[in-house]
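Okay, so here's the structure we're looking at.
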Amino acid sequence: MALLIQNATVVGPAEGISGQVDLLLEHGMITAAGEGLQAPGAMVLDARGLLVCAGLIDMHTHLRDPGQTHKETLETGCRAAAKGGFTSLACMANTDPVTDTPELLRALRARGAALGLVNLYPVGAVTRGLKGQELTDLEGLMEAGALAFSDDGVPIMRTDLLREAFRRTEKLGVPILSHCEDAELVRNYAVNEGPVSRVLEIPGRPAIAEELMVQRDIMLAAEFGAPVHICHVSTKGAIERIRQAKEQGLLVTCETCPHYFALTEQEILTRGTMAKVNPPLRTPEDLGAVLEGLRDGTIDVIATDHAPHAADEKALSLAEAPSGISGLETALAAALTYLYHTGMMSLDDILSKMTAEPAFILGLSRGCLAVGEAADLILFDPDEEWTVDPEQFVSMGHNTPFAGLTLKGRVKASVMGGNVTWKEESIRVL
Ligand code: DOR
């Protein structure tokens, strides 16, 4: 059924639409935009006072399904995404079984499509079982719909194998999303190597573990002119290396996540395992470099690295608990709070890093509001304050270091393919 959204103010990437407009959504597309649109028989949503932008695209989500549905199911993850304002997700391959065959990838896509909550784009594994020993059928995975390849969660330590992967992905034009940590240097350590690891008298993950791999992967990709996207950038040195590579015109892009521009390693001391994440939260100097990288465009994308874990797993000791932060439901609010309301970045630039930029890297024709484009959009209030209460999360992962913090900015409704996938009770569709 057609949906008429009235009186929303357009922000973020858009073409031919600006200011306060009505948007008509029919057959999964935006079919008209303008003032005072009439659409007899359409459902109507009055969005006066709210902002509208293209649906957010998260190019880095862990959905745990199949195999670890005690942490998250496909449905809870997709519902959490919708609540967080995401209409498209690229979900990482570190499920059980790993998404390392065309059949598994197709099956996941079909399950995502059947749910109809987000556009789900499973990422194909680079190596079989994420074991880092044998390349997958990259060509077959691409044919099955993979828009990117990644072993995210584990670094690919064998340089010969990754080199071969880049040789092949250059021909496919598909990016490898690279988890850059030298496994020998980070082992299973829980925190950054720095003041906090010294206070706790435990070994830490040094910044150079990330920087070495960033430099290696840039060099390997450049040898073939293959695209490489560096996941969850967290250190000053890594950002500097990516900046230099971009200046040389190499096909390098990267992302960071809200926890790296909002929080530092100090959180470990008060929040314990809730602040345990890979790569780890870093120093204030690193956080400053992340902010600078976002501002000057070195960092292309804000992704969530949504990594839900069960409460009893996060209740283990700092050494034993799994790494990860449940991020889908706080990402936009955290970005608005720490980047927009601080005057650090414009709303348009922030939204671009959560819509058009990831769409471009993944080769998706999404992430921009325009007549003729898919009817994926969200309505939000950039000024509404709310306090993060993980018990209210739709995600089964309540693991967040933002718990109890007041954030400014709230998603009011999400629309994917013309259907309302999530809305607050106060939003009425008549
Ligand atoms: O903290 C993390 N958790 N980082 C990753 O790269 C993987 C993720 C997970 O899957 O739990």
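Ordered as shown in the structure tokens, chains take letters A, B, and onward, while each chain numbers its residues from 1 and ligands are numbered from 1 in the order shown.
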
Leaving out stretch 1-7 of chain A and any residue of its chain fewer than 5 positions from it, which residues lie within 6 Å of it when counting only C-alpha atoms, given as a ChimeraX atom specification? /A:20-26,42-48

What lies within 10 Å of A:Gly112 using only C-alpha atoms, ignoring chain neighbours under 6 positions off, as a JSON list (two decimals) with C-alpha atoms, in the first residue's frame?
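Writing done, so here's selection03.json:
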[["chain", "number", "residue", "atom", "x", "y", "z"],
["A", 74, "LEU", "CA", 18.58, -13.05, 12.35],
["A", 75, "GLU", "CA", 15.23, -11.64, 13.33],
["A", 78, "CYS", "CA", 17.32, -7.16, 11.87],
["A", 89, "LEU", "CA", 23.16, -4.39, 6.64],
["A", 106, "ARG", "CA", 22.32, -17.66, -0.79],
["A", 118, "VAL", "CA", 16.36, -4.79, 6.19],
["A", 119, "ASN", "CA", 18.17, -5.34, 2.92],
["A", 120, "LEU", "CA", 20.57, -8.05, 4.08],
["A", 121, "TYR", "CA", 23.89, -8.43, 2.31],
["A", 122, "PRO", "CA", 25.92, -11.32, 3.71]]

Contacts between stretch 301-320 of chain A and stretch 169-211 of chain A, please, where a residue of stretch 169-211 of chain A counts if it comes within 10 Å (with only C-alpha atoms); show its shortest atom pair and distance in Å to one decimal, rows by chain and ascending number, as CSV.
residue,atom,partner,partner_atom,distance
A:Asn188,CA,A:Ala319,CA,7.7
A:Tyr189,CA,A:Ala319,CA,6.9
A:Ala190,CA,A:Ala319,CA,5.7
A:Val191,CA,A:Leu318,CA,8.7
A:Ile202,CA,A:Ala319,CA,9.3

Contacts of A:Gly153 within 10 Å, only C-alpha atoms, excl. fewer than 3 positions in-chain, as a list in words: His62, Met92, Ala93, Asn94, Leu130, Ser150, Ile156, Ser178, His179, Cys180, Glu181, Asn278, Pro279, Asp305, Ala307, Ser323 and Gly324 of chain A

Long-range neighbours of stretch 393-404 of chain A as a count of residues only, 6 Å cut-off, only C-alpha atoms, 6 positions minimum in chain: 11

Between atom CA of A:Gly297 and atom CA of A:Val233, distance in Å (one decimal): 13.3 Å

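The shortest atom-to-atom distance to ligand 1, with only C-alpha atoms and all ligand atoms taken into account, belongs to A:Pro155 out of A:Gly36, A:Pro258, A:Pro155, A:Gly28.
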
Please, which residues of stretch 55-245 of chain A, numbered as in this document, come out strand (DSSP E) from DSSP, as JSON, numbers by chain? {"A": [56, 57, 58, 59, 60, 61, 86, 87, 88, 89, 90, 91, 119, 120, 121, 122, 176, 177, 178, 228, 229, 230]}

Give me, as a VMD selection string, all polymer residues having an atom no more than 12 Å from A:Leu51, counting only C-alpha atoms and skipping those fewer than 2 positions away in the same chain. chain A and resid 5 to 12 18 to 22 46 to 49 53 to 55 347 to 348 351 377 to 384 409 to 414

Output C-alpha atoms of each residue in that selection to a file, as a JSON list (two decimals), in the first residue's frame.
[["chain", "number", "residue", "atom", "x", "y", "z"],
["A", 5, "ILE", "CA", 5.06, 11.00, 4.46],
["A", 6, "GLN", "CA", 4.08, 14.59, 5.09],
["A", 7, "ASN", "CA", 6.10, 17.58, 6.21],
["A", 8, "ALA", "CA", 9.47, 15.95, 6.83],
["A", 9, "THR", "CA", 12.63, 18.02, 6.53],
["A", 10, "VAL", "CA", 15.24, 16.44, 4.28],
["A", 11, "VAL", "CA", 18.84, 16.03, 5.49],
["A", 12, "GLY", "CA", 21.82, 14.00, 4.32],
["A", 18, "SER", "CA", 15.40, 19.54, -0.10],
["A", 19, "GLY", "CA", 13.72, 21.43, 2.70],
["A", 20, "GLN", "CA", 10.35, 20.43, 4.08],
["A", 21, "VAL", "CA", 8.56, 18.08, 1.71],
["A", 22, "ASP", "CA", 6.01, 15.33, 1.34],
["A", 46, "ASP", "CA", 2.73, 13.20, 9.56],
["A", 47, "ALA", "CA", 6.43, 13.82, 10.14],
["A", 48, "ARG", "CA", 6.20, 17.49, 11.06],
["A", 49, "GLY", "CA", 9.13, 18.47, 13.25],
["A", 53, "CYS", "CA", 17.16, 10.95, 5.50],
["A", 54, "ALA", "CA", 18.03, 7.89, 3.44],
["A", 55, "GLY", "CA", 17.94, 4.68, 5.48],
["A", 347, "LEU", "CA", 24.69, 16.57, 10.02],
["A", 348, "ASP", "CA", 25.11, 16.03, 6.28],
["A", 351, "LEU", "CA", 24.80, 10.99, 7.57],
["A", 377, "LEU", "CA", 14.36, 6.13, 4.70],
["A", 378, "ILE", "CA", 14.22, 7.06, 8.34],
["A", 379, "LEU", "CA", 12.62, 9.77, 10.41],
["A", 380, "PHE", "CA", 14.50, 11.07, 13.41],
["A", 381, "ASP", "CA", 14.62, 13.82, 15.98],
["A", 382, "PRO", "CA", 18.20, 15.06, 16.29],
["A", 383, "ASP", "CA", 17.52, 16.78, 19.61],
["A", 384, "GLU", "CA", 15.59, 14.25, 21.66],
["A", 409, "GLY", "CA", 19.12, 12.08, 18.88],
["A", 410, "ARG", "CA", 16.45, 9.44, 18.41],
["A", 411, "VAL", "CA", 15.15, 7.39, 15.52],
["A", 412, "LYS", "CA", 11.36, 7.70, 15.32],
["A", 413, "ALA", "CA", 10.57, 5.47, 12.35],
["A", 414, "SER", "CA", 12.30, 3.35, 9.72]]

Coordinates-based distance that separates atom CA of A:Gly124 from atom CA of A:His229 (Å, one decimal):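 Atom CA of A:Gly124 lies at a distance of 14.3 Å from atom CA of A:His229.
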
List as a list in words the protein and nucleic acid residues near A:Glu143, meaning an atom at most 12 Å away when only C-alpha atoms are counted, but skip any in the same chain fewer than 3 places from it.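 Residues near the query, excluding close chain neighbours: Thr101, Pro102, Glu103, Leu105, Arg106, Gly124, Asp137, Leu138, Glu139, Gly140, Ala146, Leu147, Ala148, Leu172 and Val174 of chain A.
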
Could you check which of A:Thr73, A:Thr136, A:Thr298, A:Ser88 is closest to A:Pro358, using only C-alpha atoms? A:Ser88

Using only C-alpha atoms and all ligand atoms, which of the listed residues (A:Asp152, A:Glu240, A:Glu193, A:Glu35) sits closest to ligand 1?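 Distance minimum relative to ligand 1 lands on A:Asp152.
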